$ cat protein.pdb   # PDB, C-alpha atoms, pLDDT in the B column
ATOM      1  CA  MET A   1     -16.486   3.851   9.878  1.00 81.00           C
ATOM      2  CA  LYS A   2     -18.325   0.899  11.448  1.00 86.00           C
ATOM      3  CA  GLN A   3     -17.369  -1.267   8.471  1.00 90.00           C
ATOM      4  CA  TYR A   4     -13.776  -0.154   8.813  1.00 91.00           C
ATOM      5  CA  LYS A   5     -13.815  -1.094  12.502  1.00 92.00           C
ATOM      6  CA  GLU A   6     -15.034  -4.578  11.573  1.00 93.00           C
ATOM      7  CA  LYS A   7     -12.304  -4.807   8.952  1.00 94.00           C
ATOM      8  CA  LEU A   8      -9.648  -3.893  11.537  1.00 95.00           C
ATOM      9  CA  LYS A   9     -11.025  -6.464  13.977  1.00 95.00           C
ATOM     10  CA  LEU A  10     -10.843  -9.161  11.287  1.00 96.00           C
ATOM     11  CA  GLU A  11      -7.351  -7.997  10.346  1.00 95.00           C
ATOM     12  CA  ASN A  12      -6.292  -8.310  14.000  1.00 96.00           C
ATOM     13  CA  ARG A  13      -7.626 -11.861  14.227  1.00 97.00           C
ATOM     14  CA  ILE A  14      -5.680 -12.825  11.093  1.00 97.00           C
ATOM     15  CA  ILE A  15      -2.528 -11.126  12.421  1.00 97.00           C
ATOM     16  CA  VAL A  16      -2.791 -12.995  15.741  1.00 97.00           C
ATOM     17  CA  VAL A  17      -3.049 -16.343  13.907  1.00 97.00           C
ATOM     18  CA  CYS A  18      -0.084 -15.411  11.702  1.00 96.00           C
ATOM     19  CA  ILE A  19       1.975 -14.326  14.732  1.00 96.00           C
ATOM     20  CA  ALA A  20       1.224 -17.656  16.438  1.00 95.00           C
ATOM     21  CA  LEU A  21       2.198 -19.632  13.316  1.00 94.00           C
ATOM     22  CA  LEU A  22       5.371 -17.619  12.726  1.00 93.00           C
ATOM     23  CA  SER A  23       6.370 -17.850  16.408  1.00 92.00           C
ATOM     24  CA  ALA A  24       5.894 -21.629  16.273  1.00 90.00           C
ATOM     25  CA  PHE A  25       8.042 -21.738  13.139  1.00 88.00           C
ATOM     26  CA  ILE A  26      10.796 -19.702  14.842  1.00 87.00           C
ATOM     27  CA  VAL A  27      10.730 -21.943  17.938  1.00 87.00           C
ATOM     28  CA  LEU A  28      10.888 -25.068  15.771  1.00 86.00           C
ATOM     29  CA  SER A  29      13.787 -23.587  13.801  1.00 82.00           C
ATOM     30  CA  ILE A  30      15.680 -22.917  17.034  1.00 82.00           C
ATOM     31  CA  LEU A  31      14.976 -26.497  18.181  1.00 83.00           C
ATOM     32  CA  ALA A  32      16.208 -27.776  14.802  1.00 79.00           C
ATOM     33  CA  GLU A  33      19.332 -25.668  15.138  1.00 77.00           C
ATOM     34  CA  ALA A  34      19.957 -27.157  18.582  1.00 77.00           C
ATOM     35  CA  GLU A  35      19.472 -30.617  16.966  1.00 77.00           C
ATOM     36  CA  ILE A  36      16.555 -31.411  19.273  1.00 82.00           C
ATOM     37  CA  ILE A  37      14.315 -32.032  16.265  1.00 79.00           C
ATOM     38  CA  SER A  38      15.448 -33.230  12.857  1.00 73.00           C
ATOM     39  CA  PHE A  39      13.204 -31.354  10.424  1.00 73.00           C
ATOM     40  CA  LEU A  40      13.435 -27.684   9.313  1.00 71.00           C
ATOM     41  CA  ARG A  41      17.190 -28.017   8.834  1.00 72.00           C
ATOM     42  CA  PRO A  42      18.429 -27.105   5.347  1.00 74.00           C
ATOM     43  CA  VAL A  43      19.634 -30.227   3.550  1.00 76.00           C
ATOM     44  CA  ALA A  44      20.994 -28.603   0.383  1.00 79.00           C
ATOM     45  CA  GLY A  45      24.320 -26.800   0.021  1.00 79.00           C
ATOM     46  CA  ASP A  46      27.461 -26.828   2.147  1.00 82.00           C
ATOM     47  CA  GLU A  47      27.790 -25.618   5.751  1.00 79.00           C
ATOM     48  CA  HIS A  48      28.502 -22.055   4.569  1.00 84.00           C
ATOM     49  CA  TRP A  49      25.293 -21.896   2.505  1.00 83.00           C
ATOM     50  CA  GLN A  50      23.241 -23.485   5.306  1.00 80.00           C
ATOM     51  CA  SER A  51      24.553 -20.911   7.760  1.00 79.00           C
ATOM     52  CA  LYS A  52      23.644 -18.074   5.375  1.00 83.00           C
ATOM     53  CA  TRP A  53      20.197 -19.548   4.824  1.00 82.00           C
ATOM     54  CA  ARG A  54      19.559 -19.867   8.560  1.00 80.00           C
ATOM     55  CA  GLY A  55      20.589 -16.249   8.970  1.00 82.00           C
ATOM     56  CA  PHE A  56      18.228 -15.176   6.223  1.00 86.00           C
ATOM     57  CA  ILE A  57      15.323 -17.160   7.695  1.00 86.00           C
ATOM     58  CA  ALA A  58      15.991 -15.772  11.184  1.00 83.00           C
ATOM     59  CA  GLY A  59      16.191 -12.190   9.886  1.00 88.00           C
ATOM     60  CA  ALA A  60      13.152 -12.459   7.630  1.00 92.00           C
ATOM     61  CA  SER A  61      11.032 -14.166  10.319  1.00 91.00           C
ATOM     62  CA  GLY A  62      12.028 -11.581  12.910  1.00 90.00           C
ATOM     63  CA  GLY A  63      11.302  -8.723  10.489  1.00 94.00           C
ATOM     64  CA  VAL A  64       7.891 -10.044   9.474  1.00 95.00           C
ATOM     65  CA  LEU A  65       7.039 -10.778  13.112  1.00 95.00           C
ATOM     66  CA  GLY A  66       8.003  -7.224  14.059  1.00 95.00           C
ATOM     67  CA  LEU A  67       5.829  -5.759  11.292  1.00 96.00           C
ATOM     68  CA  MET A  68       2.866  -7.880  12.358  1.00 96.00           C
ATOM     69  CA  VAL A  69       3.224  -6.866  16.005  1.00 96.00           C
ATOM     70  CA  PHE A  70       3.438  -3.215  14.908  1.00 96.00           C
ATOM     71  CA  GLY A  71       0.278  -3.614  12.805  1.00 95.00           C
ATOM     72  CA  LEU A  72      -1.524  -5.314  15.678  1.00 96.00           C
ATOM     73  CA  ILE A  73      -0.612  -2.516  18.109  1.00 96.00           C
ATOM     74  CA  GLN A  74      -1.601   0.169  15.577  1.00 95.00           C
ATOM     75  CA  ASN A  75      -4.978  -1.465  14.862  1.00 95.00           C
ATOM     76  CA  THR A  76      -5.717  -2.087  18.543  1.00 95.00           C
ATOM     77  CA  ARG A  77      -4.927   1.530  19.472  1.00 95.00           C
ATOM     78  CA  ALA A  78      -7.140   2.758  16.624  1.00 94.00           C
ATOM     79  CA  LEU A  79     -10.008   0.534  17.760  1.00 94.00           C
ATOM     80  CA  ARG A  80      -9.848   2.102  21.219  1.00 94.00           C
ATOM     81  CA  ASN A  81      -9.549   5.710  20.074  1.00 93.00           C
ATOM     82  CA  GLU A  82     -11.939   7.321  17.558  1.00 91.00           C
ATOM     83  CA  LYS A  83      -9.441  10.058  16.593  1.00 90.00           C
ATOM     84  CA  LYS A  84      -6.710   7.531  15.836  1.00 92.00           C
ATOM     85  CA  LEU A  85      -9.247   5.383  13.967  1.00 93.00           C
ATOM     86  CA  LYS A  86     -10.144   8.306  11.714  1.00 91.00           C
ATOM     87  CA  GLU A  87      -6.452   9.091  11.131  1.00 90.00           C
ATOM     88  CA  LEU A  88      -5.756   5.472  10.212  1.00 92.00           C
ATOM     89  CA  TYR A  89      -8.811   5.383   7.930  1.00 92.00           C
ATOM     90  CA  ILE A  90      -7.745   8.563   6.109  1.00 92.00           C
ATOM     91  CA  ALA A  91      -4.158   7.326   5.771  1.00 89.00           C
ATOM     92  CA  ALA A  92      -5.392   4.026   4.313  1.00 90.00           C
ATOM     93  CA  HIS A  93      -8.005   5.545   1.988  1.00 92.00           C
ATOM     94  CA  ASP A  94      -6.348   8.771   0.829  1.00 94.00           C
ATOM     95  CA  GLU A  95      -6.902   8.758  -2.945  1.00 95.00           C
ATOM     96  CA  ARG A  96      -3.636  10.529  -3.804  1.00 96.00           C
ATOM     97  CA  GLN A  97      -1.660   8.013  -1.741  1.00 94.00           C
ATOM     98  CA  ILE A  98      -3.488   5.146  -3.459  1.00 95.00           C
ATOM     99  CA  GLN A  99      -2.727   6.651  -6.871  1.00 96.00           C
ATOM    100  CA  ILE A 100       0.951   7.101  -5.963  1.00 96.00           C
ATOM    101  CA  LEU A 101       1.239   3.475  -4.845  1.00 95.00           C
ATOM    102  CA  THR A 102      -0.627   2.168  -7.906  1.00 94.00           C
ATOM    103  CA  THR A 103       1.551   4.194 -10.287  1.00 96.00           C
ATOM    104  CA  ALA A 104       4.741   3.195  -8.457  1.00 97.00           C
ATOM    105  CA  ARG A 105       3.818  -0.499  -8.584  1.00 94.00           C
ATOM    106  CA  SER A 106       2.959  -0.291 -12.248  1.00 93.00           C
ATOM    107  CA  ALA A 107       6.270   1.426 -13.057  1.00 96.00           C
ATOM    108  CA  ALA A 108       8.142  -1.096 -10.899  1.00 95.00           C
ATOM    109  CA  THR A 109       6.460  -3.990 -12.738  1.00 92.00           C
ATOM    110  CA  GLN A 110       7.410  -2.616 -16.151  1.00 93.00           C
ATOM    111  CA  THR A 111      10.984  -1.953 -14.997  1.00 96.00           C
ATOM    112  CA  PHE A 112      11.263  -5.430 -13.467  1.00 93.00           C
ATOM    113  CA  LEU A 113      10.059  -7.083 -16.667  1.00 94.00           C
ATOM    114  CA  LEU A 114      12.448  -5.075 -18.834  1.00 96.00           C
ATOM    115  CA  ILE A 115      15.477  -5.640 -16.580  1.00 97.00           C
ATOM    116  CA  GLY A 116      14.516  -9.311 -16.135  1.00 96.00           C
ATOM    117  CA  LEU A 117      14.286  -9.845 -19.868  1.00 96.00           C
ATOM    118  CA  VAL A 118      17.658  -8.225 -20.532  1.00 97.00           C
ATOM    119  CA  ALA A 119      19.275 -10.053 -17.588  1.00 97.00           C
ATOM    120  CA  GLY A 120      17.795 -13.390 -18.738  1.00 97.00           C
ATOM    121  CA  VAL A 121      19.129 -12.951 -22.243  1.00 97.00           C
ATOM    122  CA  ILE A 122      22.604 -11.909 -21.035  1.00 97.00           C
ATOM    123  CA  ALA A 123      22.708 -14.758 -18.487  1.00 97.00           C
ATOM    124  CA  GLY A 124      21.970 -17.211 -21.316  1.00 96.00           C
ATOM    125  CA  TYR A 125      25.499 -16.659 -22.600  1.00 97.00           C
ATOM    126  CA  PHE A 126      27.031 -17.687 -19.277  1.00 96.00           C
ATOM    127  CA  ASN A 127      24.691 -19.897 -17.253  1.00 96.00           C
ATOM    128  CA  PRO A 128      21.622 -21.708 -18.656  1.00 96.00           C
ATOM    129  CA  THR A 129      20.091 -22.414 -15.223  1.00 96.00           C
ATOM    130  CA  VAL A 130      20.208 -18.762 -14.164  1.00 97.00           C
ATOM    131  CA  SER A 131      18.917 -17.639 -17.556  1.00 97.00           C
ATOM    132  CA  ILE A 132      15.966 -20.059 -17.572  1.00 97.00           C
ATOM    133  CA  THR A 133      15.106 -19.160 -13.952  1.00 97.00           C
ATOM    134  CA  ILE A 134      15.081 -15.415 -14.717  1.00 97.00           C
ATOM    135  CA  LEU A 135      13.111 -15.846 -17.944  1.00 97.00           C
ATOM    136  CA  ALA A 136      10.625 -18.158 -16.188  1.00 97.00           C
ATOM    137  CA  CYS A 137      10.118 -15.427 -13.544  1.00 96.00           C
ATOM    138  CA  VAL A 138       9.552 -12.825 -16.286  1.00 96.00           C
ATOM    139  CA  VAL A 139       7.058 -15.066 -18.113  1.00 96.00           C
ATOM    140  CA  ALA A 140       5.242 -15.971 -14.865  1.00 96.00           C
ATOM    141  CA  HIS A 141       5.074 -12.292 -13.884  1.00 94.00           C
ATOM    142  CA  SER A 142       3.728 -11.351 -17.336  1.00 94.00           C
ATOM    143  CA  LEU A 143       1.096 -14.105 -17.236  1.00 96.00           C
ATOM    144  CA  ILE A 144      -0.046 -13.091 -13.752  1.00 95.00           C
ATOM    145  CA  SER A 145      -0.241  -9.429 -14.855  1.00 93.00           C
ATOM    146  CA  MET A 146      -2.263 -10.422 -17.924  1.00 94.00           C
ATOM    147  CA  GLY A 147      -4.566 -12.510 -15.742  1.00 97.00           C
ATOM    148  CA  PHE A 148      -5.238  -9.582 -13.422  1.00 95.00           C
ATOM    149  CA  ALA A 149      -5.706  -7.213 -16.378  1.00 94.00           C
ATOM    150  CA  PHE A 150      -8.284  -9.619 -17.818  1.00 96.00           C
ATOM    151  CA  TYR A 151     -10.060  -9.839 -14.438  1.00 97.00           C
ATOM    152  CA  TYR A 152     -10.193  -6.059 -13.987  1.00 94.00           C
ATOM    153  CA  ARG A 153     -11.390  -5.551 -17.585  1.00 96.00           C
ATOM    154  CA  LYS A 154     -14.348  -7.771 -16.745  1.00 95.00           C
ATOM    155  CA  LYS A 155     -14.871  -6.079 -13.390  1.00 93.00           C
ATOM    156  CA  TYR A 156     -14.909  -2.456 -14.631  1.00 92.00           C
TER     157      TYR A 156
ATOM    158  CA  MET B 157      -6.173  22.094 -12.904  1.00 84.00           C
ATOM    159  CA  LYS B 158      -6.785  25.444 -11.254  1.00 90.00           C
ATOM    160  CA  THR B 159      -8.988  25.599  -8.184  1.00 93.00           C
ATOM    161  CA  LYS B 160     -10.313  28.213  -5.789  1.00 95.00           C
ATOM    162  CA  ILE B 161      -9.635  26.066  -2.734  1.00 96.00           C
ATOM    163  CA  ARG B 162      -6.854  28.274  -1.387  1.00 96.00           C
ATOM    164  CA  GLU B 163      -9.005  31.415  -1.663  1.00 96.00           C
ATOM    165  CA  LEU B 164     -11.978  29.665  -0.107  1.00 96.00           C
ATOM    166  CA  ARG B 165      -9.829  28.383   2.746  1.00 96.00           C
ATOM    167  CA  LYS B 166      -8.510  31.878   3.425  1.00 96.00           C
ATOM    168  CA  LEU B 167     -12.048  33.233   3.301  1.00 95.00           C
ATOM    169  CA  HIS B 168     -13.260  30.653   5.812  1.00 95.00           C
ATOM    170  CA  LYS B 169     -10.018  30.937   7.874  1.00 95.00           C
ATOM    171  CA  LEU B 170      -9.328  27.255   7.490  1.00 95.00           C
ATOM    172  CA  SER B 171      -5.989  25.490   7.519  1.00 96.00           C
ATOM    173  CA  GLN B 172      -5.190  22.734   5.002  1.00 96.00           C
ATOM    174  CA  GLU B 173      -5.188  20.275   7.874  1.00 94.00           C
ATOM    175  CA  GLU B 174      -8.695  21.288   8.970  1.00 95.00           C
ATOM    176  CA  LEU B 175     -10.092  21.088   5.448  1.00 96.00           C
ATOM    177  CA  ALA B 176      -8.391  17.740   4.906  1.00 95.00           C
ATOM    178  CA  GLU B 177      -9.923  16.336   8.085  1.00 92.00           C
ATOM    179  CA  ALA B 178     -13.354  17.682   7.175  1.00 94.00           C
ATOM    180  CA  VAL B 179     -13.390  16.024   3.746  1.00 95.00           C
ATOM    181  CA  GLY B 180     -11.587  12.833   4.835  1.00 93.00           C
ATOM    182  CA  THR B 181      -8.253  13.184   3.117  1.00 94.00           C
ATOM    183  CA  THR B 182      -4.687  14.160   4.000  1.00 94.00           C
ATOM    184  CA  ARG B 183      -3.120  17.621   4.168  1.00 95.00           C
ATOM    185  CA  GLN B 184      -0.674  16.593   1.427  1.00 95.00           C
ATOM    186  CA  THR B 185      -3.568  15.837  -0.933  1.00 96.00           C
ATOM    187  CA  ILE B 186      -5.112  19.266  -0.317  1.00 97.00           C
ATOM    188  CA  THR B 187      -1.703  20.881  -0.950  1.00 96.00           C
ATOM    189  CA  SER B 188      -1.282  18.964  -4.227  1.00 96.00           C
ATOM    190  CA  ILE B 189      -4.783  19.910  -5.402  1.00 96.00           C
ATOM    191  CA  GLU B 190      -4.199  23.574  -4.525  1.00 96.00           C
ATOM    192  CA  VAL B 191      -0.960  23.794  -6.488  1.00 94.00           C
ATOM    193  CA  GLY B 192      -2.471  21.854  -9.408  1.00 92.00           C
ATOM    194  CA  LYS B 193      -0.198  18.810  -9.132  1.00 93.00           C
ATOM    195  CA  TYR B 194      -3.053  16.432  -8.442  1.00 94.00           C
ATOM    196  CA  ILE B 195      -6.605  16.364  -9.827  1.00 94.00           C
ATOM    197  CA  ALA B 196      -9.175  15.397  -7.218  1.00 95.00           C
ATOM    198  CA  SER B 197     -11.521  12.503  -7.917  1.00 95.00           C
ATOM    199  CA  LEU B 198     -15.187  13.274  -8.467  1.00 96.00           C
ATOM    200  CA  PRO B 199     -16.225  12.180  -4.931  1.00 96.00           C
ATOM    201  CA  LEU B 200     -13.466  14.282  -3.309  1.00 96.00           C
ATOM    202  CA  ALA B 201     -14.240  17.299  -5.527  1.00 97.00           C
ATOM    203  CA  TYR B 202     -17.882  16.932  -4.529  1.00 97.00           C
ATOM    204  CA  LYS B 203     -17.014  16.763  -0.823  1.00 96.00           C
ATOM    205  CA  ILE B 204     -14.803  19.861  -1.039  1.00 97.00           C
ATOM    206  CA  ALA B 205     -17.404  21.839  -2.994  1.00 97.00           C
ATOM    207  CA  ARG B 206     -20.187  20.770  -0.654  1.00 97.00           C
ATOM    208  CA  TYR B 207     -18.090  21.708   2.367  1.00 96.00           C
ATOM    209  CA  PHE B 208     -17.928  25.296   1.089  1.00 96.00           C
ATOM    210  CA  GLY B 209     -21.592  25.221   0.040  1.00 96.00           C
ATOM    211  CA  LEU B 210     -20.728  25.565  -3.647  1.00 96.00           C
ATOM    212  CA  THR B 211     -20.963  23.470  -6.798  1.00 96.00           C
ATOM    213  CA  ILE B 212     -17.953  21.621  -8.219  1.00 96.00           C
ATOM    214  CA  GLU B 213     -17.752  24.070 -11.154  1.00 94.00           C
ATOM    215  CA  GLU B 214     -17.561  26.993  -8.729  1.00 94.00           C
ATOM    216  CA  VAL B 215     -14.541  25.486  -6.967  1.00 96.00           C
ATOM    217  CA  PHE B 216     -12.712  23.757  -9.826  1.00 94.00           C
ATOM    218  CA  ASP B 217     -11.805  25.459 -13.099  1.00 91.00           C
ATOM    219  CA  PHE B 218     -12.581  23.160 -16.034  1.00 88.00           C
ATOM    220  CA  SER B 219     -11.684  25.656 -18.751  1.00 86.00           C
ATOM    221  CA  ASP B 220      -8.570  23.608 -19.657  1.00 80.00           C
ATOM    222  CA  LEU B 221     -10.797  20.696 -20.657  1.00 79.00           C
ATOM    223  CA  GLU B 222     -13.002  22.715 -22.967  1.00 76.00           C
ATOM    224  CA  ASP B 223     -10.498  22.869 -25.863  1.00 67.00           C
TER     225      ASP B 223
END

$ encode --input "protein.pdb" --output "structure tokens"
Amino acid sequence: MKQYKEKLKLENRIIVVCIALLSAFIVLSILAEAEIISFLRPVAGDEHWQSKWRGFIAGASGGVLGLMVFGLIQNTRALRNEKKLKELYIAAHDERQIQILTTARSAATQTFLLIGLVAGVIAGYFNPTVSITILACVVAHSLISMGFAFYYRKKY
Amino acid sequence: MKTKIRELRKLHKLSQEELAEAVGTTRQTITSIEVGKYIASLPLAYKIARYFGLTIEEVFDFSDLED
């Protein structure tokens, strides 16, 4: 449990740095939007696309920031309360939960590759850029999976 | 895989939650092991058996694997 406490403390430090960086990014984006600074404004696409992109960035940043704050609060509460620490430890290390997540990710990967391959082939009949992008994603995903498989074969 | 966990729990008047906490897992995992939907890892099987003061073979039924 002592090791886990140290891990949570390290995790909290990393989260705090990430929150600071993300907050700075959000502030800079707002300043860019108000045309106080010139960078961080989308330069590609028309006004409609830029507006959509800004909305996406604002939503994603806010969501990630919220998750990080939640994680920070959860970790801090666990560090101050032994019962909560044990609960968090069990939730994070429960072997059935780990197996469920591993199996789900593996199934999702296989499904993604299959759908991606079919979508890439179909898109090739209509739009080369979309097709190449999808197929490049499928190939990159496959190569990364193979790389990890090779690493874990060596490890175990 | 069949187990005697449910019987042992009843014998020791233990809830799933209490057993789960004692062996460092969740109540859902204990439920899944009891109904045979999930096979416990060796370390967890060891912890459960040791908690009841028994061997793994006395708690878990390995007869399915002997074919």

$ closest_atom_pairs --input "protein.pdb" --of "chain A" --to "chain B" --cutoff "10 Å" --atoms "all atoms listed in the file" --output "Markdown table"
| residue | atom | partner | partner_atom | distance |
| --- | --- | --- | --- | --- |
| A:Lys86 | CA | B:Gly180 | CA | 8.4 |
| A:Glu87 | CA | B:Glu177 | CA | 8.6 |
| A:Tyr89 | CA | B:Gly180 | CA | 8.5 |
| A:Ile90 | CA | B:Thr181 | CA | 5.5 |
| A:Ala91 | CA | B:Thr182 | CA | 7.1 |
| A:Ala92 | CA | B:Thr181 | CA | 9.7 |
| A:His93 | CA | B:Thr181 | CA | 7.7 |
| A:Asp94 | CA | B:Thr181 | CA | 5.3 |
| A:Glu95 | CA | B:Thr181 | CA | 7.6 |
| A:Arg96 | CA | B:Thr185 | CA | 6.0 |
| A:Gln97 | CA | B:Thr185 | CA | 8.1 |
| A:Gln99 | CA | B:Tyr194 | CA | 9.9 |

$ resolve_selection --input "protein.pdb" --expression "the PyMOL selection byres ((chain A and resi 5-13) around 9)" --output "list of chain:residue names"
A:Met1, A:Lys2, A:Gln3, A:Tyr4, A:Ile14, A:Ile15, A:Val16, A:Val17, A:Cys18, A:Gly71, A:Leu72, A:Asn75, A:Thr76, A:Ala78, A:Leu79, A:Leu85

$ residues_around --input "protein.pdb" --residues "Ile30 of chain A" --least-positions-apart "2" --cutoff "12 Å" --atoms "only C-alpha atoms" --output "PyMOL selection string"
chain A and resi 23-28+32-41+54-55+57-58+61

$ write_last_selection --input "protein.pdb" --atoms "C-alpha atoms" --output "PDB file, in the coordinates of the input"
ATOM      1  CA  SER A  23       6.370 -17.850  16.408  1.00 92.00           C
ATOM      2  CA  ALA A  24       5.894 -21.629  16.273  1.00 90.00           C
ATOM      3  CA  PHE A  25       8.042 -21.738  13.139  1.00 88.00           C
ATOM      4  CA  ILE A  26      10.796 -19.702  14.842  1.00 87.00           C
ATOM      5  CA  VAL A  27      10.730 -21.943  17.938  1.00 87.00           C
ATOM      6  CA  LEU A  28      10.888 -25.068  15.771  1.00 86.00           C
ATOM      7  CA  ALA A  32      16.208 -27.776  14.802  1.00 79.00           C
ATOM      8  CA  GLU A  33      19.332 -25.668  15.138  1.00 77.00           C
ATOM      9  CA  ALA A  34      19.957 -27.157  18.582  1.00 77.00           C
ATOM     10  CA  GLU A  35      19.472 -30.617  16.966  1.00 77.00           C
ATOM     11  CA  ILE A  36      16.555 -31.411  19.273  1.00 82.00           C
ATOM     12  CA  ILE A  37      14.315 -32.032  16.265  1.00 79.00           C
ATOM     13  CA  SER A  38      15.448 -33.230  12.857  1.00 73.00           C
ATOM     14  CA  PHE A  39      13.204 -31.354  10.424  1.00 73.00           C
ATOM     15  CA  LEU A  40      13.435 -27.684   9.313  1.00 71.00           C
ATOM     16  CA  ARG A  41      17.190 -28.017   8.834  1.00 72.00           C
ATOM     17  CA  ARG A  54      19.559 -19.867   8.560  1.00 80.00           C
ATOM     18  CA  GLY A  55      20.589 -16.249   8.970  1.00 82.00           C
ATOM     19  CA  ILE A  57      15.323 -17.160   7.695  1.00 86.00           C
ATOM     20  CA  ALA A  58      15.991 -15.772  11.184  1.00 83.00           C
ATOM     21  CA  SER A  61      11.032 -14.166  10.319  1.00 91.00           C
TER      22      SER A  61
END

$ residues_around --input "protein.pdb" --residues "Glu190 of chain B" --least-positions-apart "3" --cutoff "7 Å" --atoms "only C-alpha atoms" --output "JSON list (two decimals) with C-alpha atoms, in the frame of the given file"
[["chain", "number", "residue", "atom", "x", "y", "z"],
["B", 159, "THR", "CA", -8.99, 25.60, -8.18],
["B", 161, "ILE", "CA", -9.64, 26.07, -2.73],
["B", 162, "ARG", "CA", -6.85, 28.27, -1.39],
["B", 186, "ILE", "CA", -5.11, 19.27, -0.32],
["B", 187, "THR", "CA", -1.70, 20.88, -0.95]]

$ atom_distance --input "protein.pdb" --atom1 "atom CA of Leu114 of chain A" --atom2 "atom CA of Val139 of chain A"
11.4 Å

$ resolve_selection --input "protein.pdb" --expression "the PyMOL selection byres ((chain B and resi 215) around 7)" --output "ChimeraX atom specification"
/B:159-161,205,211-214,216-217

$ closest_residue --input "protein.pdb" --among "B:Val191, B:Glu222, B:Ala178, B:Met157" --to "Phe208 of chain B" --atoms "all atoms listed in the file"
B:Ala178

$ atom_distance --input "protein.pdb" --atom1 "atom CA of Thr133 of chain A" --atom2 "atom CA of Phe112 of chain A"
14.3 Å

$ atom_distance --input "protein.pdb" --atom1 "atom CA of Ile19 of chain A" --atom2 "atom CA of Ile73 of chain A"
12.6 Å

$ residues_around --input "protein.pdb" --residues "Tyr207 of chain B" --least-positions-apart "3" --cutoff "9 Å" --atoms "all atoms listed in the file" --output "ChimeraX atom specification"
/B:175,178-179,202-204,210

$ closest_residue --input "protein.pdb" --among "A:Phe150, A:Tyr125, A:Trp53, A:Phe70" --to "Ser29 of chain A" --atoms "all atoms listed in the file"
A:Trp53
